[in-house]
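Q: Data: upload.cif, mmCIF, C-alpha atoms.
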```cif
data_model
#
loop_
_atom_site.label_atom_id
_atom_site.label_comp_id
_atom_site.auth_asym_id
_atom_site.auth_seq_id
_atom_site.Cartn_x
_atom_site.Cartn_y
_atom_site.Cartn_z
CA MET D 25 -18.99 -6.15 -13.87
CA PHE D 26 -17.78 -5.40 -10.33
CA ILE D 27 -18.58 -8.79 -8.83
CA GLN D 28 -14.94 -9.91 -9.03
CA LEU D 29 -13.72 -6.78 -7.22
CA PHE D 30 -16.29 -7.23 -4.46
CA ARG D 31 -15.52 -10.95 -4.22
CA ASP D 32 -11.77 -10.26 -3.92
CA TRP D 33 -12.17 -7.70 -1.12
CA TRP D 34 -9.87 -9.84 1.00
CA LEU D 35 -6.86 -9.00 -1.21
CA ILE D 36 -7.17 -5.35 -0.24
CA ALA D 37 -7.78 -6.35 3.39
CA ALA D 38 -4.62 -8.48 3.33
CA ARG D 39 -2.60 -5.51 2.02
CA GLY D 40 -4.00 -3.34 4.81
CA ALA D 41 -3.24 -5.96 7.46
CA LEU D 42 0.29 -6.38 6.10
CA SER D 43 0.84 -2.64 6.27
CA ILE D 44 -0.37 -2.54 9.88
CA ILE D 45 1.89 -5.47 10.83
CA PHE D 46 4.87 -3.76 9.18
CA GLY D 47 4.06 -0.53 11.04
CA ILE D 48 3.77 -2.26 14.41
CA LEU D 49 7.00 -4.20 13.88
CA ALA D 50 8.86 -1.04 12.86
CA LEU D 51 7.36 0.91 15.76
CA PHE D 52 7.96 -1.55 18.58
CA TRP D 53 11.09 -3.41 17.49
CA ARG D 54 13.59 -2.35 20.13
CA GLU D 55 16.63 -0.59 18.73
CA PRO D 56 16.25 -1.74 15.16
CA THR D 57 19.49 -1.80 13.30
CA GLU D 58 19.70 -0.23 9.92
CA LEU D 59 19.97 -3.66 8.25
CA VAL D 60 16.86 -4.96 10.03
CA LEU D 61 14.88 -1.91 8.92
CA VAL D 62 16.11 -2.31 5.36
CA LEU D 63 15.22 -6.01 5.22
CA LEU D 64 11.86 -5.45 6.92
CA PHE D 65 10.94 -2.82 4.35
CA GLY D 66 12.18 -5.09 1.54
CA VAL D 67 9.92 -7.95 2.69
CA PHE D 68 6.98 -5.58 3.10
CA SER D 69 7.51 -4.09 -0.34
CA ILE D 70 7.67 -7.49 -2.08
CA VAL D 71 4.70 -9.06 -0.29
CA ASP D 72 2.57 -5.93 -0.71
CA GLY D 73 3.56 -5.85 -4.38
CA ILE D 74 2.38 -9.43 -4.81
CA PHE D 75 -1.01 -8.58 -3.28
CA ALA D 76 -1.30 -5.47 -5.47
CA ILE D 77 -0.57 -7.52 -8.60
CA ALA D 78 -3.18 -10.11 -7.53
CA ALA D 79 -5.77 -7.37 -6.94
CA GLY D 80 -4.93 -5.71 -10.26
CA THR D 81 -5.15 -8.88 -12.31
CA ALA D 82 -8.36 -9.91 -10.52
CA SER D 83 -9.97 -6.64 -11.60
CA ARG D 84 -8.69 -6.87 -15.20
CA GLY D 85 -11.58 -6.77 -17.61
CA TYR D 86 -13.76 -4.97 -15.06
CA PHE D 87 -11.94 -1.64 -14.76
CA LYS D 88 -10.21 0.56 -17.29
CA ARG D 89 -7.46 1.40 -14.81
CA TRP D 90 -6.80 -2.13 -13.49
CA TRP D 91 -3.22 -1.66 -14.66
CA ALA D 92 -2.65 0.97 -11.94
CA LEU D 93 -2.70 -1.72 -9.24
CA LEU D 94 -0.57 -3.96 -11.43
CA LEU D 95 2.06 -1.22 -11.87
CA GLU D 96 1.92 -0.43 -8.15
CA GLY D 97 2.67 -4.07 -7.40
CA ILE D 98 5.48 -4.31 -9.93
CA THR D 99 7.03 -1.12 -8.51
CA GLY D 100 6.85 -2.53 -4.98
CA ILE D 101 8.46 -5.82 -6.00
CA VAL D 102 11.23 -4.09 -7.95
CA ILE D 103 12.04 -1.83 -5.00
CA GLY D 104 11.97 -4.82 -2.63
CA VAL D 105 14.30 -6.85 -4.86
CA VAL D 106 16.69 -3.90 -5.20
CA ILE D 107 16.75 -3.60 -1.41
CA PHE D 108 17.60 -7.31 -1.02
CA TYR D 109 20.20 -7.09 -3.77
CA TRP D 110 21.74 -4.08 -2.01
CA PRO D 111 21.19 -4.83 1.71
CA GLY D 112 23.99 -2.56 2.87
CA VAL D 113 22.01 0.45 1.68
CA THR D 114 22.47 3.52 3.84
CA THR D 115 19.65 5.09 5.78
CA LEU D 116 19.55 7.95 3.29
CA ALA D 117 19.22 5.59 0.33
CA LEU D 118 16.50 3.64 2.17
CA LEU D 119 14.69 6.90 2.81
CA TYR D 120 14.70 7.67 -0.91
CA PHE D 121 13.46 4.15 -1.75
CA ILE D 122 10.59 4.61 0.72
CA ALA D 123 9.83 8.10 -0.59
CA ALA D 124 9.77 6.89 -4.21
CA ARG D 125 7.51 3.97 -3.30
CA ALA D 126 5.17 6.24 -1.34
CA VAL D 127 4.75 8.65 -4.25
CA THR D 128 4.33 5.96 -6.93
CA THR D 129 1.88 4.02 -4.76
CA ALA D 130 -0.10 7.20 -4.20
CA ILE D 131 -0.39 7.94 -7.90
CA PHE D 132 -1.68 4.44 -8.64
CA GLU D 133 -4.10 4.48 -5.66
CA ILE D 134 -5.58 7.80 -6.75
CA LEU D 135 -5.98 6.51 -10.33
CA ALA D 136 -7.76 3.41 -9.03
CA ALA D 137 -9.99 5.54 -6.78
CA MET D 138 -11.02 7.63 -9.77
CA GLU D 139 -12.27 4.41 -11.38
CA PHE D 140 -14.14 3.34 -8.23
CA ARG D 141 -16.00 6.65 -7.84
CA HIS D 142 -18.32 5.58 -10.66
CA VAL D 143 -19.27 2.43 -8.81
CA PHE D 144 -19.88 3.24 -5.16
CA SER D 145 -19.27 5.75 -2.45
CA GLY D 146 -16.21 5.31 -0.29
CA GLU D 147 -13.56 5.91 -2.93
CA TRP D 148 -12.50 8.93 -0.87
CA ILE D 149 -10.81 6.48 1.51
CA MET D 150 -8.34 5.52 -1.23
CA ILE D 151 -7.89 9.15 -2.22
CA ILE D 152 -7.01 10.10 1.37
CA GLY D 153 -4.58 7.19 1.53
CA GLY D 154 -3.02 8.35 -1.73
CA MET D 155 -2.71 11.93 -0.49
CA LEU D 156 -1.05 10.70 2.72
CA SER D 157 1.42 8.72 0.62
CA VAL D 158 2.22 11.77 -1.51
CA LEU D 159 2.74 13.90 1.60
CA LEU D 160 5.01 11.28 3.18
CA GLY D 161 7.04 10.91 -0.01
CA ILE D 162 7.47 14.65 -0.46
CA TRP D 163 8.35 15.12 3.20
CA LEU D 164 11.02 12.40 2.97
CA PHE D 165 12.49 13.90 -0.22
CA VAL D 166 12.56 17.43 1.22
CA PHE D 167 13.82 16.59 4.73
CA PRO D 168 16.14 13.60 4.28
CA ALA D 169 18.43 14.45 7.18
CA GLU D 170 15.84 14.10 9.94
CA GLY D 171 17.53 10.96 11.25
CA ALA D 172 16.85 7.24 11.34
CA VAL D 173 14.86 7.24 14.58
CA SER D 174 12.33 9.81 13.40
CA LEU D 175 12.25 8.01 10.04
CA VAL D 176 11.34 4.73 11.69
CA TRP D 177 8.60 6.32 13.78
CA LEU D 178 7.20 8.29 10.84
CA ILE D 179 7.14 5.29 8.52
CA ALA D 180 5.66 3.04 11.19
CA ILE D 181 2.83 5.44 12.00
CA TYR D 182 2.19 6.06 8.30
CA ALA D 183 2.07 2.30 7.59
CA ILE D 184 -0.45 1.75 10.39
CA ILE D 185 -2.70 4.62 9.23
CA ALA D 186 -2.45 3.56 5.57
CA GLY D 187 -3.24 -0.03 6.56
CA LEU D 188 -6.31 1.08 8.52
CA ILE D 189 -7.51 3.10 5.52
CA GLU D 190 -7.07 0.07 3.24
CA LEU D 191 -8.96 -2.12 5.73
CA MET D 192 -11.81 0.41 5.78
CA PHE D 193 -11.96 0.30 1.99
CA ALA D 194 -11.79 -3.51 1.94
CA PHE D 195 -14.62 -3.83 4.42
CA ARG D 196 -16.68 -1.41 2.36
CA LEU D 197 -16.15 -3.77 -0.57
CA TRP D 198 -17.04 -6.73 1.66
CA SER D 199 -20.27 -5.00 2.69
CA LEU D 200 -21.14 -4.36 -0.95
CA TRP D 201 -20.36 -8.01 -1.77
CA ASN D 202 -22.72 -9.19 0.98
CA ASP D 203 -25.42 -6.80 -0.21
CA LEU D 204 -24.97 -8.08 -3.77
CA LYS D 205 -25.15 -11.71 -2.66
CA THR D 206 -28.33 -11.02 -0.73
CA THR D 207 -29.97 -8.95 -3.47
CA ALA D 208 -28.94 -11.00 -6.49
CA GLY D 209 -28.90 -14.38 -4.80
CA ILE D 210 -25.31 -15.08 -5.81
#
```
Can you present the structure in this file as structure tokens?
A:
Amino acid sequence: MFIQLFRDWWLIAARGALSIIFGILALFWREPTELVLVLLFGVFSIVDGIFAIAAGTASRGYFKRWWALLLEGITGIVIGVVIFYWPGVTTLALLYFIAARAVTTAIFEILAAMEFRHVFSGEWIMIIGGMLSVLLGIWLFVFPAEGAVSLVWLIAIYAIIAGLIELMFAFRLWSLWNDLKTTAGI
């Protein structure tokens, strides 16, 4: 039943790596202009959405809540396309896009983690990631006037931490896949 999820651990690892790369680029890009930040987030949102859709469809038939990853991916792609369609978006509008994506991603991650808790330990990693996303989203909605520089730093650090959490979860799946291959001779 869970063989496909364990086999596709690399999709989750790719999402984590992408998040870390986005965070590093946002953190160390010298004097990023507003347009560069907008486009960088748009690319991240679309590519991450594609990986989420791939992970969701790969787990279809194995999990009741496979649709949560699918919806997370669709949400990311829609937000990314809107950003590219509207590249002159202000910093405040970008902040609200990021806040909305953080909260919706969190909801879907927590739903997926609830499904995983019946399978193996380690689902708490996804729950922590989801809670961090909710906190970031709420913080951005409540304090929108904190400024672009602090926004860039906050988002970059969040993306790196969230990416590390996803990598931890992916490597837990990888470990379970190796154990399954050894035990079952797959």
Q: Residue by residue, what does the PyMOL selection byres ((chain D and resi 107) around 12) grab here? Present the result as number ranges by chain.
A: D: 59-70, 100-106, 108-115, 117-122
Q: Suppose a student applies the PyMOL selection byres ((chain D and resi 47) around 12) to this structure; what residues should they get, written as a PDB file with C-alpha atoms, in the coordinates of the input?
A:
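Output (selection-v2.pdb):
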```
ATOM      1  CA  GLY D  40      -4.000  -3.340   4.810  1.00  0.00           C
ATOM      2  CA  ALA D  41      -3.240  -5.960   7.460  1.00  0.00           C
ATOM      3  CA  LEU D  42       0.290  -6.380   6.100  1.00  0.00           C
ATOM      4  CA  SER D  43       0.840  -2.640   6.270  1.00  0.00           C
ATOM      5  CA  ILE D  44      -0.370  -2.540   9.880  1.00  0.00           C
ATOM      6  CA  ILE D  45       1.890  -5.470  10.830  1.00  0.00           C
ATOM      7  CA  PHE D  46       4.870  -3.760   9.180  1.00  0.00           C
ATOM      8  CA  ILE D  48       3.770  -2.260  14.410  1.00  0.00           C
ATOM      9  CA  LEU D  49       7.000  -4.200  13.880  1.00  0.00           C
ATOM     10  CA  ALA D  50       8.860  -1.040  12.860  1.00  0.00           C
ATOM     11  CA  LEU D  51       7.360   0.910  15.760  1.00  0.00           C
ATOM     12  CA  PHE D  52       7.960  -1.550  18.580  1.00  0.00           C
ATOM     13  CA  TRP D  53      11.090  -3.410  17.490  1.00  0.00           C
ATOM     14  CA  LEU D  61      14.880  -1.910   8.920  1.00  0.00           C
ATOM     15  CA  LEU D  64      11.860  -5.450   6.920  1.00  0.00           C
ATOM     16  CA  PHE D  65      10.940  -2.820   4.350  1.00  0.00           C
ATOM     17  CA  PHE D  68       6.980  -5.580   3.100  1.00  0.00           C
ATOM     18  CA  LEU D 175      12.250   8.010  10.040  1.00  0.00           C
ATOM     19  CA  VAL D 176      11.340   4.730  11.690  1.00  0.00           C
ATOM     20  CA  TRP D 177       8.600   6.320  13.780  1.00  0.00           C
ATOM     21  CA  LEU D 178       7.200   8.290  10.840  1.00  0.00           C
ATOM     22  CA  ILE D 179       7.140   5.290   8.520  1.00  0.00           C
ATOM     23  CA  ALA D 180       5.660   3.040  11.190  1.00  0.00           C
ATOM     24  CA  ILE D 181       2.830   5.440  12.000  1.00  0.00           C
ATOM     25  CA  TYR D 182       2.190   6.060   8.300  1.00  0.00           C
ATOM     26  CA  ALA D 183       2.070   2.300   7.590  1.00  0.00           C
ATOM     27  CA  ILE D 184      -0.450   1.750  10.390  1.00  0.00           C
ATOM     28  CA  ILE D 185      -2.700   4.620   9.230  1.00  0.00           C
ATOM     29  CA  ALA D 186      -2.450   3.560   5.570  1.00  0.00           C
ATOM     30  CA  GLY D 187      -3.240  -0.030   6.560  1.00  0.00           C
ATOM     31  CA  LEU D 188      -6.310   1.080   8.520  1.00  0.00           C
TER      32      LEU D 188
END
```
Q: Name the closest residue to Trp34 of chain D among the candidates D:Leu197, D:Ala126, D:Ala136, D:Ile77; distances are taken between atoms, counting all atoms listed in the file.
A: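 That would be D:Leu197, the residue with the smallest distance to Trp34 of chain D.
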Q: In Å, how far is it from atom CA of Asp32 of chain D to atom CA of Val158 of chain D?
A: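 Distance between the two atoms: 26.2 Å.
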Q: Provide the atom CA of Leu191 of chain D to atom CA of Gly161 of chain D distance in Å, to one decimal place.
A: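 Distance reported for this atom pair: 21.4 Å.
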Q: Quick one: distance from atom CA of Leu95 of chain D to atom CA of Leu159 of chain D in Å, one decimal?
A: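 Going from atom CA of Leu95 of chain D over to atom CA of Leu159 of chain D, I get 20.3 Å.
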Q: Please write as a PyMOL selection string the full residue list that the PyMOL selection byres ((chain D and resi 157) around 9) yields on this file.
A: chain D and resi 123+125-131+152-156+158-162+182+186
Q: Of the candidates D:Gly209, D:Pro168, D:Gly80, D:Gly146, which shows the shortest atom-to-atom distance to Phe132 of chain D, using all atoms listed in the file?
A: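 Once distances to Phe132 of chain D are computed over all atoms listed in the file, the minimum belongs to D:Gly80.
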Q: Which is closest to Asp72 of chain D among D:Ile189, D:Arg39, D:Tyr86, D:Trp91, if we use only C-alpha atoms?
A: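 Between D:Ile189, D:Arg39, D:Tyr86, D:Trp91, the residue approaching Asp72 of chain D most closely is D:Arg39.
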Q: With only C-alpha atoms as the atoms that count, which of D:Ile149, D:Leu35, D:His142, D:Phe75 lies nearest to Lys88 of chain D?
A: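 Checking each candidate against Lys88 of chain D, we get D:His142 as the closest.
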Q: I'd like to know which of D:Ile74, D:Leu204, D:Leu116, D:Arg84 is closest to Phe167 of chain D, using all atoms listed in the file.
A: D:Leu116
Q: For Glu96 of chain D, which residue out of D:Thr81, D:Ser199, D:Thr207, D:Ser174 is the nearest one, using only C-alpha atoms?
A: D:Thr81
